[in-house]
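A quick write-up on the structure given underneath.
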Amino acid sequence: MNLNVPAFSHFVRDGLKLAYFDEGDPNGTPVLLIHGFASTAVANWVNPGWLKVLGEAGYRVIAIDNRGHGTSDKPYDSDVYHPWIMAEDAVALLDHLGIPEAHVMGYSMGARVSTFMAIAHPDRVRSLVLGGLGIGMVEGVGDWDPIADALLAPSLDDVTHQRGRMFRAFAEQTKSDRQALAACIQGSRDLATKEDVAKIEAPTLIAVGTKDDIAGSAQELADLMQHAEVIDIPNRDHMLAVGDKVFKSAVLDFYKRLENR
């Protein structure tokens, strides 16, 4: 499998330099990928094989490094990480590339950002794929203050909170700026309302691992939406579901069905 890291480019929005890649078939239907918290475009979409799978299926594959992540700028102010602000980053990337509309797929925090994008800019979102986030979109996913504490702790050995240890270890693996991530986790937890989610008209696929203890029920979120369907990713937790072959197959099938309408 060719998992070579693609070349990244940059654009500027809100005074921040934001990184992205633009790969696959330049004439294909565009798919915009928005990664999760503490991840990167490479960690979420290249290493697990998404770029390869979507590219080989003929899509134009675009992925952003969210502010605070990857090779994008990393402010330390939590107020600049609200999901509706990051959604505007994603829209600005489409503007920068001259793309009027795209399939939008996000994982975890990226699913939240994608949803806020669909709420604010329904004309730019051809479809939604929400991975790793179900009813937690509107009900919350628990107390994340220990995550920020874990990121700012002197070392991993000082962290006893289980979820905090998981994200601290992941942040170290991705060589992330932990202070920026701590600001991000404090600012990016805004919930979508049931009323706003119910207004989304884009066809939506919600995919959550059956062992995911963070996302909340995919079906409960789908029940709030007009055109949503659910795929269970068997025997996968929050960290491992993103690259699962069942998830990839379901997305390719979902896109193919939309094309044949």
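In the structure tokens, each chain is lettered A, B, ... as it comes, each chain's residues begin at 1, and ligands are numbered from 1 in order of appearance.
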Contacts of Gly70 (chain A) within 10 Å, only C-alpha atoms, excl. fewer than 5 positions in-chain, as a list in words: Leu18, Ala19, Tyr20, Ala38, Ser39, Thr40, Ala41, Val42, Ala43, Ile64, Asp65, Thr174, Lys175, Ser176 and Asp177 of chain A
May I have a table of the residues of region 37-153 of chain A lying at most 8 Å from region 234-249 of chain A, giving each one's closest pair of atoms and their distance in Å to one decimal, counting only C-alpha atoms, ordered by chain and ascending residue number, as a Markdown table?
```
| residue | atom | partner | partner_atom | distance |
| --- | --- | --- | --- | --- |
| A:Asn44 | CA | A:Val242 | CA | 7.2 |
| A:Pro48 | CA | A:Gly243 | CA | 4.6 |
| A:Gly49 | CA | A:Gly243 | CA | 6.8 |
| A:Trp50 | CA | A:Gly243 | CA | 7.3 |
| A:Val53 | CA | A:Lys248 | CA | 7.7 |
| A:Tyr107 | CA | A:Val242 | CA | 7.3 |
| A:Gly131 | CA | A:Val242 | CA | 7.2 |
| A:Gly132 | CA | A:His238 | CA | 6.2 |
```
Could you write those residues out with N, CA and C atoms, as a short mmCIF file (atom, residue, chain, number, x, y, z; two decimals), in the first residue's frame?
```cif
data_model
loop_
_atom_site.label_atom_id
_atom_site.label_comp_id
_atom_site.auth_asym_id
_atom_site.auth_seq_id
_atom_site.Cartn_x
_atom_site.Cartn_y
_atom_site.Cartn_z
N ASN A 44 -4.66 10.91 10.36
CA ASN A 44 -6.06 10.49 10.24
C ASN A 44 -6.41 9.93 8.87
N PRO A 48 -3.91 5.69 7.73
CA PRO A 48 -4.92 4.63 7.74
C PRO A 48 -5.42 4.23 6.35
N GLY A 49 -4.91 4.87 5.29
CA GLY A 49 -5.23 4.44 3.94
C GLY A 49 -6.38 5.15 3.25
N TRP A 50 -6.95 6.17 3.87
CA TRP A 50 -8.08 6.86 3.25
C TRP A 50 -7.70 7.56 1.95
N VAL A 53 -7.45 4.93 -0.76
CA VAL A 53 -8.75 4.33 -1.12
C VAL A 53 -9.61 5.31 -1.93
N TYR A 107 -13.81 13.13 11.39
CA TYR A 107 -13.73 12.12 12.43
C TYR A 107 -13.62 12.79 13.79
N GLY A 131 -17.70 10.37 11.42
CA GLY A 131 -17.07 9.21 12.04
C GLY A 131 -16.73 9.51 13.50
N GLY A 132 -16.90 8.52 14.36
CA GLY A 132 -16.45 8.64 15.74
C GLY A 132 -17.20 9.63 16.59
#
```
Selection: 7 Å around region 25-30 of chain A, only C-alpha atoms, excl. self and same-chain fewer than 4 positions, as an MDAnalysis selection string: chainID A and resid 55 58:61 102:103
I'd like the neighbourhood of Asp149 (chain A) as a PDB file with all heavy atoms, in the first residue's frame, where a residue qualifies if any of its atoms comes within 12 Å (using only C-alpha atoms), though same-chain residues fewer than 6 positions away should be ignored.
```
ATOM      1  N   ASP A 143     -16.567  14.686  30.615  1.00  0.00           N
ATOM      2  CA  ASP A 143     -15.692  15.726  31.150  1.00  0.00           C
ATOM      3  C   ASP A 143     -14.332  15.643  30.474  1.00  0.00           C
ATOM      4  O   ASP A 143     -13.604  14.667  30.641  1.00  0.00           O
ATOM      5  CB  ASP A 143     -15.556  15.553  32.669  1.00  0.00           C
ATOM      6  CG  ASP A 143     -14.676  16.613  33.289  1.00  0.00           C
ATOM      7  OD1 ASP A 143     -14.361  17.601  32.595  1.00  0.00           O
ATOM      8  OD2 ASP A 143     -14.302  16.455  34.468  1.00  0.00           O
ATOM      9  N   SER A 155       4.857  14.999  32.575  1.00  0.00           N
ATOM     10  CA  SER A 155       5.144  13.811  31.764  1.00  0.00           C
ATOM     11  C   SER A 155       3.959  12.866  31.809  1.00  0.00           C
ATOM     12  O   SER A 155       3.054  13.010  32.646  1.00  0.00           O
ATOM     13  CB  SER A 155       6.397  13.091  32.270  1.00  0.00           C
ATOM     14  OG  SER A 155       6.093  12.305  33.409  1.00  0.00           O
ATOM     15  N   LEU A 156       3.968  11.880  30.922  1.00  0.00           N
ATOM     16  CA  LEU A 156       2.904  10.881  30.883  1.00  0.00           C
ATOM     17  C   LEU A 156       2.815  10.128  32.205  1.00  0.00           C
ATOM     18  O   LEU A 156       1.724   9.732  32.641  1.00  0.00           O
ATOM     19  CB  LEU A 156       3.154   9.904  29.724  1.00  0.00           C
ATOM     20  CG  LEU A 156       2.130   8.783  29.521  1.00  0.00           C
ATOM     21  CD1 LEU A 156       0.736   9.341  29.244  1.00  0.00           C
ATOM     22  CD2 LEU A 156       2.566   7.873  28.367  1.00  0.00           C
ATOM     23  N   ASP A 158       2.899  11.255  35.047  1.00  0.00           N
ATOM     24  CA  ASP A 158       2.128  12.021  36.030  1.00  0.00           C
ATOM     25  C   ASP A 158       0.624  11.931  35.794  1.00  0.00           C
ATOM     26  O   ASP A 158      -0.159  12.485  36.572  1.00  0.00           O
ATOM     27  CB  ASP A 158       2.562  13.491  35.998  1.00  0.00           C
ATOM     28  CG  ASP A 158       4.015  13.669  36.386  1.00  0.00           C
ATOM     29  OD1 ASP A 158       4.373  13.280  37.502  1.00  0.00           O
ATOM     30  OD2 ASP A 158       4.790  14.192  35.554  1.00  0.00           O
ATOM     31  N   VAL A 159       0.214  11.277  34.716  1.00  0.00           N
ATOM     32  CA  VAL A 159      -1.206  11.231  34.338  1.00  0.00           C
ATOM     33  C   VAL A 159      -1.815   9.907  34.775  1.00  0.00           C
ATOM     34  O   VAL A 159      -1.354   8.834  34.373  1.00  0.00           O
ATOM     35  CB  VAL A 159      -1.369  11.407  32.811  1.00  0.00           C
ATOM     36  CG1 VAL A 159      -2.846  11.382  32.441  1.00  0.00           C
ATOM     37  CG2 VAL A 159      -0.718  12.713  32.349  1.00  0.00           C
ATOM     38  N   THR A 160      -2.865   9.981  35.592  1.00  0.00           N
ATOM     39  CA  THR A 160      -3.540   8.767  36.058  1.00  0.00           C
ATOM     40  C   THR A 160      -4.901   8.576  35.397  1.00  0.00           C
ATOM     41  O   THR A 160      -5.418   7.461  35.353  1.00  0.00           O
ATOM     42  CB  THR A 160      -3.734   8.805  37.582  1.00  0.00           C
ATOM     43  OG1 THR A 160      -4.465   9.989  37.932  1.00  0.00           O
ATOM     44  CG2 THR A 160      -2.389   8.818  38.291  1.00  0.00           C
ATOM     45  N   HIS A 161      -5.491   9.664  34.874  1.00  0.00           N
ATOM     46  CA  HIS A 161      -6.806   9.590  34.230  1.00  0.00           C
ATOM     47  C   HIS A 161      -6.687   8.771  32.941  1.00  0.00           C
ATOM     48  O   HIS A 161      -5.841   9.068  32.082  1.00  0.00           O
ATOM     49  CB  HIS A 161      -7.296  11.011  33.938  1.00  0.00           C
ATOM     50  CG  HIS A 161      -8.685  11.093  33.399  1.00  0.00           C
ATOM     51  ND1 HIS A 161      -8.963  11.034  32.047  1.00  0.00           N
ATOM     52  CD2 HIS A 161      -9.882  11.246  34.024  1.00  0.00           C
ATOM     53  CE1 HIS A 161     -10.272  11.149  31.869  1.00  0.00           C
ATOM     54  NE2 HIS A 161     -10.847  11.281  33.045  1.00  0.00           N
ATOM     55  N   ARG A 163      -8.536   8.227  30.117  1.00  0.00           N
ATOM     56  CA  ARG A 163      -8.702   8.873  28.818  1.00  0.00           C
ATOM     57  C   ARG A 163      -7.624   9.938  28.615  1.00  0.00           C
ATOM     58  O   ARG A 163      -7.146  10.152  27.504  1.00  0.00           O
ATOM     59  CB  ARG A 163     -10.105   9.495  28.711  1.00  0.00           C
ATOM     60  CG  ARG A 163     -10.466   9.924  27.300  1.00  0.00           C
ATOM     61  CD  ARG A 163     -11.844  10.542  27.228  1.00  0.00           C
ATOM     62  NE  ARG A 163     -12.917   9.577  27.445  1.00  0.00           N
ATOM     63  CZ  ARG A 163     -14.198   9.909  27.424  1.00  0.00           C
ATOM     64  NH1 ARG A 163     -14.582  11.150  27.240  1.00  0.00           N
ATOM     65  NH2 ARG A 163     -15.133   8.987  27.619  1.00  0.00           N
ATOM     66  N   GLY A 164      -7.240  10.596  29.718  1.00  0.00           N
ATOM     67  CA  GLY A 164      -6.170  11.579  29.638  1.00  0.00           C
ATOM     68  C   GLY A 164      -4.858  10.950  29.187  1.00  0.00           C
ATOM     69  O   GLY A 164      -4.126  11.509  28.359  1.00  0.00           O
ATOM     70  N   ARG A 165      -4.564   9.766  29.727  1.00  0.00           N
ATOM     71  CA  ARG A 165      -3.340   9.060  29.318  1.00  0.00           C
ATOM     72  C   ARG A 165      -3.393   8.698  27.839  1.00  0.00           C
ATOM     73  O   ARG A 165      -2.388   8.797  27.129  1.00  0.00           O
ATOM     74  CB  ARG A 165      -3.153   7.782  30.150  1.00  0.00           C
ATOM     75  CG  ARG A 165      -2.662   8.017  31.564  1.00  0.00           C
ATOM     76  CD  ARG A 165      -2.381   6.683  32.273  1.00  0.00           C
ATOM     77  NE  ARG A 165      -1.315   5.944  31.610  1.00  0.00           N
ATOM     78  CZ  ARG A 165      -0.019   6.134  31.839  1.00  0.00           C
ATOM     79  NH1 ARG A 165       0.375   7.049  32.699  1.00  0.00           N
ATOM     80  NH2 ARG A 165       0.894   5.400  31.209  1.00  0.00           N
ATOM     81  N   PHE A 167      -4.976  10.236  25.353  1.00  0.00           N
ATOM     82  CA  PHE A 167      -4.763  11.383  24.473  1.00  0.00           C
ATOM     83  C   PHE A 167      -3.362  11.971  24.643  1.00  0.00           C
ATOM     84  O   PHE A 167      -2.774  12.460  23.670  1.00  0.00           O
ATOM     85  CB  PHE A 167      -5.843  12.441  24.702  1.00  0.00           C
ATOM     86  CG  PHE A 167      -7.102  12.163  23.938  1.00  0.00           C
ATOM     87  CD1 PHE A 167      -8.182  11.547  24.552  1.00  0.00           C
ATOM     88  CD2 PHE A 167      -7.211  12.482  22.600  1.00  0.00           C
ATOM     89  CE1 PHE A 167      -9.350  11.271  23.846  1.00  0.00           C
ATOM     90  CE2 PHE A 167      -8.362  12.222  21.875  1.00  0.00           C
ATOM     91  CZ  PHE A 167      -9.437  11.608  22.504  1.00  0.00           C
ATOM     92  N   ARG A 168      -2.815  11.939  25.867  1.00  0.00           N
ATOM     93  CA  ARG A 168      -1.451  12.424  26.063  1.00  0.00           C
ATOM     94  C   ARG A 168      -0.479  11.562  25.257  1.00  0.00           C
ATOM     95  O   ARG A 168       0.419  12.084  24.577  1.00  0.00           O
ATOM     96  CB  ARG A 168      -1.093  12.397  27.553  1.00  0.00           C
ATOM     97  CG  ARG A 168       0.376  12.673  27.882  1.00  0.00           C
ATOM     98  CD  ARG A 168       0.831  14.054  27.415  1.00  0.00           C
ATOM     99  NE  ARG A 168       2.241  14.270  27.711  1.00  0.00           N
ATOM    100  CZ  ARG A 168       2.691  14.981  28.736  1.00  0.00           C
ATOM    101  NH1 ARG A 168       1.834  15.571  29.557  1.00  0.00           N
ATOM    102  NH2 ARG A 168       3.984  15.152  28.920  1.00  0.00           N
ATOM    103  N   ARG A 178       1.470  20.428  22.751  1.00  0.00           N
ATOM    104  CA  ARG A 178       0.484  20.069  23.770  1.00  0.00           C
ATOM    105  C   ARG A 178      -0.217  21.279  24.370  1.00  0.00           C
ATOM    106  O   ARG A 178      -1.369  21.188  24.777  1.00  0.00           O
ATOM    107  CB  ARG A 178       1.148  19.211  24.844  1.00  0.00           C
ATOM    108  CG  ARG A 178       1.567  17.839  24.318  1.00  0.00           C
ATOM    109  CD  ARG A 178       2.156  16.939  25.391  1.00  0.00           C
ATOM    110  NE  ARG A 178       3.503  17.339  25.787  1.00  0.00           N
ATOM    111  CZ  ARG A 178       3.809  17.959  26.907  1.00  0.00           C
ATOM    112  NH1 ARG A 178       2.854  18.265  27.777  1.00  0.00           N
ATOM    113  NH2 ARG A 178       5.061  18.273  27.192  1.00  0.00           N
ATOM    114  N   GLN A 179       0.443  22.424  24.397  1.00  0.00           N
ATOM    115  CA  GLN A 179      -0.221  23.634  24.916  1.00  0.00           C
ATOM    116  C   GLN A 179      -1.329  24.088  23.980  1.00  0.00           C
ATOM    117  O   GLN A 179      -2.410  24.492  24.408  1.00  0.00           O
ATOM    118  CB  GLN A 179       0.794  24.760  25.132  1.00  0.00           C
ATOM    119  CG  GLN A 179       0.205  25.964  25.873  1.00  0.00           C
ATOM    120  CD  GLN A 179       1.259  27.000  26.239  1.00  0.00           C
ATOM    121  OE1 GLN A 179       2.448  26.710  26.248  1.00  0.00           O
ATOM    122  NE2 GLN A 179       0.803  28.205  26.548  1.00  0.00           N
ATOM    123  N   LEU A 181      -2.963  22.085  21.968  1.00  0.00           N
ATOM    124  CA  LEU A 181      -4.034  21.097  22.072  1.00  0.00           C
ATOM    125  C   LEU A 181      -4.874  21.317  23.332  1.00  0.00           C
ATOM    126  O   LEU A 181      -6.094  21.127  23.311  1.00  0.00           O
ATOM    127  CB  LEU A 181      -3.457  19.680  22.071  1.00  0.00           C
ATOM    128  CG  LEU A 181      -2.846  19.191  20.764  1.00  0.00           C
ATOM    129  CD1 LEU A 181      -2.421  17.738  20.906  1.00  0.00           C
ATOM    130  CD2 LEU A 181      -3.802  19.357  19.595  1.00  0.00           C
ATOM    131  N   ALA A 182      -4.225  21.702  24.418  1.00  0.00           N
ATOM    132  CA  ALA A 182      -4.969  21.984  25.648  1.00  0.00           C
ATOM    133  C   ALA A 182      -5.926  23.148  25.431  1.00  0.00           C
ATOM    134  O   ALA A 182      -7.079  23.118  25.883  1.00  0.00           O
ATOM    135  CB  ALA A 182      -4.008  22.284  26.789  1.00  0.00           C
ATOM    136  N   ALA A 183      -5.475  24.179  24.717  1.00  0.00           N
ATOM    137  CA  ALA A 183      -6.363  25.299  24.381  1.00  0.00           C
ATOM    138  C   ALA A 183      -7.506  24.833  23.482  1.00  0.00           C
ATOM    139  O   ALA A 183      -8.663  25.222  23.651  1.00  0.00           O
ATOM    140  CB  ALA A 183      -5.564  26.407  23.697  1.00  0.00           C
ATOM    141  N   ILE A 185      -8.852  21.763  23.229  1.00  0.00           N
ATOM    142  CA  ILE A 185      -9.848  20.918  23.894  1.00  0.00           C
ATOM    143  C   ILE A 185     -10.753  21.759  24.785  1.00  0.00           C
ATOM    144  O   ILE A 185     -11.917  21.426  25.020  1.00  0.00           O
ATOM    145  CB  ILE A 185      -9.171  19.778  24.687  1.00  0.00           C
ATOM    146  CG1 ILE A 185     -10.166  18.638  24.962  1.00  0.00           C
ATOM    147  CG2 ILE A 185      -8.568  20.262  25.990  1.00  0.00           C
ATOM    148  CD1 ILE A 185     -10.670  17.945  23.741  1.00  0.00           C
ATOM    149  N   GLN A 186     -10.239  22.889  25.272  1.00  0.00           N
ATOM    150  CA  GLN A 186     -11.068  23.763  26.091  1.00  0.00           C
ATOM    151  C   GLN A 186     -12.038  24.588  25.255  1.00  0.00           C
ATOM    152  O   GLN A 186     -13.116  24.949  25.725  1.00  0.00           O
ATOM    153  CB  GLN A 186     -10.158  24.680  26.931  1.00  0.00           C
ATOM    154  CG  GLN A 186      -9.425  23.923  28.037  1.00  0.00           C
ATOM    155  CD  GLN A 186      -8.193  24.646  28.555  1.00  0.00           C
ATOM    156  OE1 GLN A 186      -7.643  25.511  27.877  1.00  0.00           O
ATOM    157  NE2 GLN A 186      -7.741  24.286  29.756  1.00  0.00           N
TER     158      GLN A 186
END
```
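Here the question is which of A:Ala153, A:Thr210, A:Arg126, A:Val230 gets nearest to Glu259 (chain A) using only C-alpha atoms, and that residue is A:Arg126.
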Between CA of Gly15 (chain A) and CA of Leu128 (chain A), distance in Å (one decimal): 27.9 Å
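Using only C-alpha atoms, the protein and nucleic acid residues lying no more than 12 Å from Asp223 (chain A), apart from those fewer than 2 places from it along its own chain, are Gly134, Ile135, Lys194, Val197, Ala198, Thr204, Leu205, Ile206, Ser217, Ala218, Gln219, Glu220, Leu221, Met225, Gln226, His227, Ala228, Glu229 and Val230 of chain A.
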The selected residues should be written to file as a PDB file, in the first residue's frame (atoms: N, CA and C atoms).
```pdb
ATOM      1  N   GLY A 134     -21.450  10.286  17.716  1.00  0.00           N
ATOM      2  CA  GLY A 134     -22.877  10.065  17.582  1.00  0.00           C
ATOM      3  C   GLY A 134     -23.657  11.131  18.338  1.00  0.00           C
ATOM      4  N   ILE A 135     -24.518  10.702  19.248  1.00  0.00           N
ATOM      5  CA  ILE A 135     -25.373  11.631  19.979  1.00  0.00           C
ATOM      6  C   ILE A 135     -24.544  12.557  20.884  1.00  0.00           C
ATOM      7  N   LYS A 194     -30.172  20.169  18.910  1.00  0.00           N
ATOM      8  CA  LYS A 194     -31.027  19.225  18.194  1.00  0.00           C
ATOM      9  C   LYS A 194     -31.747  19.912  17.038  1.00  0.00           C
ATOM     10  N   VAL A 197     -29.256  20.417  14.121  1.00  0.00           N
ATOM     11  CA  VAL A 197     -28.962  19.129  13.483  1.00  0.00           C
ATOM     12  C   VAL A 197     -30.149  18.673  12.628  1.00  0.00           C
ATOM     13  N   ALA A 198     -31.354  18.928  13.121  1.00  0.00           N
ATOM     14  CA  ALA A 198     -32.552  18.512  12.390  1.00  0.00           C
ATOM     15  C   ALA A 198     -32.722  19.269  11.077  1.00  0.00           C
ATOM     16  N   THR A 204     -26.372  11.915   5.002  1.00  0.00           N
ATOM     17  CA  THR A 204     -25.374  11.751   6.065  1.00  0.00           C
ATOM     18  C   THR A 204     -25.176  10.282   6.405  1.00  0.00           C
ATOM     19  N   LEU A 205     -23.917   9.897   6.548  1.00  0.00           N
ATOM     20  CA  LEU A 205     -23.546   8.570   7.041  1.00  0.00           C
ATOM     21  C   LEU A 205     -22.836   8.761   8.372  1.00  0.00           C
ATOM     22  N   ILE A 206     -23.317   8.079   9.402  1.00  0.00           N
ATOM     23  CA  ILE A 206     -22.718   8.165  10.733  1.00  0.00           C
ATOM     24  C   ILE A 206     -22.092   6.812  11.055  1.00  0.00           C
ATOM     25  N   SER A 217     -24.334   7.184  20.977  1.00  0.00           N
ATOM     26  CA  SER A 217     -25.086   6.397  19.998  1.00  0.00           C
ATOM     27  C   SER A 217     -25.172   7.077  18.631  1.00  0.00           C
ATOM     28  N   ALA A 218     -24.737   6.341  17.596  1.00  0.00           N
ATOM     29  CA  ALA A 218     -24.883   6.835  16.227  1.00  0.00           C
ATOM     30  C   ALA A 218     -26.351   6.887  15.828  1.00  0.00           C
ATOM     31  N   GLN A 219     -27.117   5.881  16.231  1.00  0.00           N
ATOM     32  CA  GLN A 219     -28.525   5.809  15.840  1.00  0.00           C
ATOM     33  C   GLN A 219     -29.330   6.966  16.431  1.00  0.00           C
ATOM     34  N   GLU A 220     -29.035   7.326  17.672  1.00  0.00           N
ATOM     35  CA  GLU A 220     -29.771   8.440  18.289  1.00  0.00           C
ATOM     36  C   GLU A 220     -29.517   9.748  17.554  1.00  0.00           C
ATOM     37  N   LEU A 221     -28.293   9.958  17.082  1.00  0.00           N
ATOM     38  CA  LEU A 221     -28.020  11.153  16.282  1.00  0.00           C
ATOM     39  C   LEU A 221     -28.730  11.064  14.941  1.00  0.00           C
ATOM     40  N   MET A 225     -31.907  13.483  12.454  1.00  0.00           N
ATOM     41  CA  MET A 225     -31.561  14.075  11.162  1.00  0.00           C
ATOM     42  C   MET A 225     -32.540  13.645  10.075  1.00  0.00           C
ATOM     43  N   GLN A 226     -32.556  14.416   8.993  1.00  0.00           N
ATOM     44  CA  GLN A 226     -33.518  14.168   7.924  1.00  0.00           C
ATOM     45  C   GLN A 226     -33.130  12.999   7.022  1.00  0.00           C
ATOM     46  N   HIS A 227     -31.840  12.894   6.720  1.00  0.00           N
ATOM     47  CA  HIS A 227     -31.399  11.913   5.719  1.00  0.00           C
ATOM     48  C   HIS A 227     -30.134  11.208   6.198  1.00  0.00           C
ATOM     49  N   ALA A 228     -30.204  10.591   7.370  1.00  0.00           N
ATOM     50  CA  ALA A 228     -29.015   9.974   7.951  1.00  0.00           C
ATOM     51  C   ALA A 228     -29.164   8.465   8.047  1.00  0.00           C
ATOM     52  N   GLU A 229     -28.053   7.789   7.859  1.00  0.00           N
ATOM     53  CA  GLU A 229     -27.992   6.343   8.043  1.00  0.00           C
ATOM     54  C   GLU A 229     -26.773   6.012   8.885  1.00  0.00           C
ATOM     55  N   VAL A 230     -26.743   4.806   9.421  1.00  0.00           N
ATOM     56  CA  VAL A 230     -25.734   4.420  10.399  1.00  0.00           C
ATOM     57  C   VAL A 230     -24.983   3.183   9.934  1.00  0.00           C
TER      58      VAL A 230
END
```
Straight-line distance linking CA of Gly142 (chain A) with CA of Asp190 (chain A), stated in Å to one decimal: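 It comes out at 12.3 Å.
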